[in-house]
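Engineer: One structure, pasted below without further comment.
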Amino acid sequence: MNKTLYIIFLFVFLLLLQVLVLNNVQFLGYINPYLYIVFVFLYPLRENRFPILILSFLLGLCVDAFSNSGGIHAFSTLFIAYIRPFFFRAVFKKTTSDYLLFDLRHESFDKVFNYTTALTIIHHFILFNLINFSFYNLSNVLINTLFSSVFTLLLYFLGSFIFRRKLT
């Protein structure tokens, strides 16, 4: 499939999945999966970061529009899209010359796990911090971040296992 069509399909699919299904899921008052951030993980790495920043902002803004959340999803998604190259270099030990050949599916599980876990926890911490907007509820922020991150990562790895293509 053409990369541009793949990116458009991924954007629309994750947006619809988030706003139609996952925004209505809440377990025990703490767990709410935010699977739309997978778009930031799967977007191809390029030296020009402008397209991923614009697309992640638009994705977060669309989720905000359907959730009536006032820009918190846009900010937190834009933030992880901005820091993504730093985590890429730290976790995968690659340089900008490796961007064209990089594919997340070809990397070892421990590196992918560290990369996605760090970005997911940062996203969720910023998101729940902006939702509560107070240090009095820091325990709530930490609990929501922990449980929602675990559930989001569980859904991501389960989905990537189910929809994985054979590499042979």
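Letters for chains follow the order of the structure tokens (A, B, ...), residue numbers begin at 1 for each chain, and ligand numbers begin at 1 in the order shown.
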When DSSP is applied to the backbone of this structure, which of chain A are assigned helix (DSSP H, G or I)? Write them out as number ranges by chain.

Structural biologist: A: 3-24, 35-42, 50-67, 72-92, 96-98, 104-106, 109-132, 138-162

Engineer: Name all residues at most 12 Å from stretch 94-107 of chain A (count only C-alpha atoms; drop same-chain ones fewer than 3 positions away) and give them as a PyMOL selection string.

Structural biologist: chain A and resi 38+40-49+85-91+110-116+157+160-161+163-168

Engineer: Using only C-alpha atoms, which residues sit within 9 Å of A:Phe151 once same-chain residues fewer than 4 positions away are excluded, as an mmCIF file with C-alpha atoms, in the first residue's frame?

Structural biologist:
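Done, and the output landed in result01.cif:
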data_model
loop_
_atom_site.group_PDB
_atom_site.id
_atom_site.type_symbol
_atom_site.label_atom_id
_atom_site.label_comp_id
_atom_site.auth_asym_id
_atom_site.auth_seq_id
_atom_site.Cartn_x
_atom_site.Cartn_y
_atom_site.Cartn_z
ATOM 1 C CA ILE A 31 -8.911 3.322 33.168
ATOM 2 C CA ASN A 32 -9.619 5.057 29.886
ATOM 3 C CA PRO A 33 -7.608 3.883 26.851
ATOM 4 C CA TYR A 34 -6.195 6.486 24.480
ATOM 5 C CA LEU A 146 -0.559 4.334 35.500
ATOM 6 C CA PHE A 147 -3.768 2.415 34.859
ATOM 7 C CA LEU A 155 -4.389 -2.779 23.620
ATOM 8 C CA TYR A 156 -1.519 -1.579 21.426
#

Engineer: Considering only C-alpha atoms, return as a PDB file with N, CA and C atoms, in the first residue's frame whatever protein or nucleic-acid residues lie within 9 Å of stretch 130-140 of chain A, sequence-local ones (same chain, fewer than 5 positions apart) excluded.

Structural biologist:
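Below is the file out.pdb, written as the result:
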ATOM      1  N   TYR A  30     -10.876   4.811  36.594  1.00  0.00           N
ATOM      2  CA  TYR A  30      -9.486   5.207  36.384  1.00  0.00           C
ATOM      3  C   TYR A  30      -8.959   4.866  34.998  1.00  0.00           C
ATOM      4  N   SER A  69     -12.960  18.658  25.153  1.00  0.00           N
ATOM      5  CA  SER A  69     -11.915  18.734  26.170  1.00  0.00           C
ATOM      6  C   SER A  69     -11.011  19.949  26.031  1.00  0.00           C
ATOM      7  N   ILE A  72      -6.637  19.714  25.315  1.00  0.00           N
ATOM      8  CA  ILE A  72      -5.656  18.957  26.099  1.00  0.00           C
ATOM      9  C   ILE A  72      -5.102  17.767  25.327  1.00  0.00           C
ATOM     10  N   SER A  76      -1.044  17.359  24.392  1.00  0.00           N
ATOM     11  CA  SER A  76      -0.285  16.185  24.835  1.00  0.00           C
ATOM     12  C   SER A  76       0.191  15.343  23.649  1.00  0.00           C
ATOM     13  N   PHE A 125       0.455  11.350  31.416  1.00  0.00           N
ATOM     14  CA  PHE A 125       0.723  12.226  32.553  1.00  0.00           C
ATOM     15  C   PHE A 125       0.365  13.670  32.223  1.00  0.00           C
ATOM     16  N   THR A 145      -2.794   7.923  35.268  1.00  0.00           N
ATOM     17  CA  THR A 145      -1.694   7.741  34.321  1.00  0.00           C
ATOM     18  C   THR A 145      -1.243   6.297  34.289  1.00  0.00           C
TER      19      THR A 145
END

Engineer: With a distance cut-off of 10 Å and only C-alpha atoms, select the neighbouring residues of A:Leu58, excluding the residue or stretch itself and same-chain residues fewer than 2 positions from it, and output the selection as a compact mmCIF listing (two decimals) with N, CA, C and O atoms, in the first residue's frame.

Structural biologist:
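File selection31.txt, as written:
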# COMPACT_ATOMS: atom_id res chain seq x y z
N PHE A 11 -4.71 7.43 10.29
CA PHE A 11 -5.23 8.63 10.94
C PHE A 11 -6.73 8.52 11.15
O PHE A 11 -7.24 8.69 12.26
N ILE A 52 4.63 15.50 10.89
CA ILE A 52 4.16 14.75 12.06
C ILE A 52 3.63 15.69 13.13
O ILE A 52 2.66 15.37 13.81
N LEU A 53 4.23 16.85 13.27
CA LEU A 53 3.74 17.81 14.25
C LEU A 53 2.36 18.33 13.86
O LEU A 53 1.46 18.42 14.71
N ILE A 54 2.17 18.64 12.59
CA ILE A 54 0.86 19.11 12.13
C ILE A 54 -0.19 18.02 12.25
O ILE A 54 -1.30 18.25 12.76
N LEU A 55 0.15 16.81 11.79
CA LEU A 55 -0.83 15.72 11.83
C LEU A 55 -1.17 15.30 13.26
O LEU A 55 -2.33 15.00 13.56
N SER A 56 -0.20 15.27 14.14
CA SER A 56 -0.50 14.90 15.53
C SER A 56 -1.34 15.99 16.21
O SER A 56 -2.23 15.68 16.99
N GLY A 60 -5.07 15.24 17.65
CA GLY A 60 -5.46 15.62 19.00
C GLY A 60 -6.61 16.61 19.01
O GLY A 60 -7.52 16.54 19.84
N LEU A 61 -6.59 17.54 18.06
CA LEU A 61 -7.66 18.53 17.96
C LEU A 61 -8.99 17.88 17.59
O LEU A 61 -10.05 18.25 18.12
N CYS A 62 -8.95 16.89 16.70
CA CYS A 62 -10.18 16.17 16.34
C CYS A 62 -10.71 15.38 17.54
O CYS A 62 -11.93 15.36 17.78
N VAL A 63 -9.84 14.75 18.29
CA VAL A 63 -10.28 14.04 19.50
C VAL A 63 -10.85 15.04 20.50
O VAL A 63 -11.88 14.77 21.15
N ASP A 64 -10.23 16.21 20.62
CA ASP A 64 -10.76 17.26 21.50
C ASP A 64 -12.13 17.73 21.05
O ASP A 64 -13.01 17.98 21.88
N HIS A 73 -5.91 17.15 24.50
CA HIS A 73 -5.43 16.04 23.68
C HIS A 73 -4.47 16.56 22.61
O HIS A 73 -3.45 15.91 22.32
N ALA A 74 -4.78 17.71 22.04
CA ALA A 74 -3.92 18.29 21.02
C ALA A 74 -2.55 18.62 21.60
O ALA A 74 -1.52 18.33 20.99
N THR A 77 -0.60 15.25 22.60
CA THR A 77 -0.18 14.51 21.40
C THR A 77 0.92 15.26 20.66
O THR A 77 1.89 14.65 20.19
N LEU A 78 0.80 16.56 20.57
CA LEU A 78 1.84 17.36 19.94
C LEU A 78 3.15 17.26 20.72
O LEU A 78 4.22 17.20 20.13

Engineer: From the set A:Lys93, A:Asn144, A:Phe39, A:Asn68, which residue has the shortest atom-to-atom contact distance to A:Leu119, counting only C-alpha atoms?

Structural biologist: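 Ranking A:Lys93, A:Asn144, A:Phe39, A:Asn68 by distance to A:Leu119, first place goes to A:Phe39.
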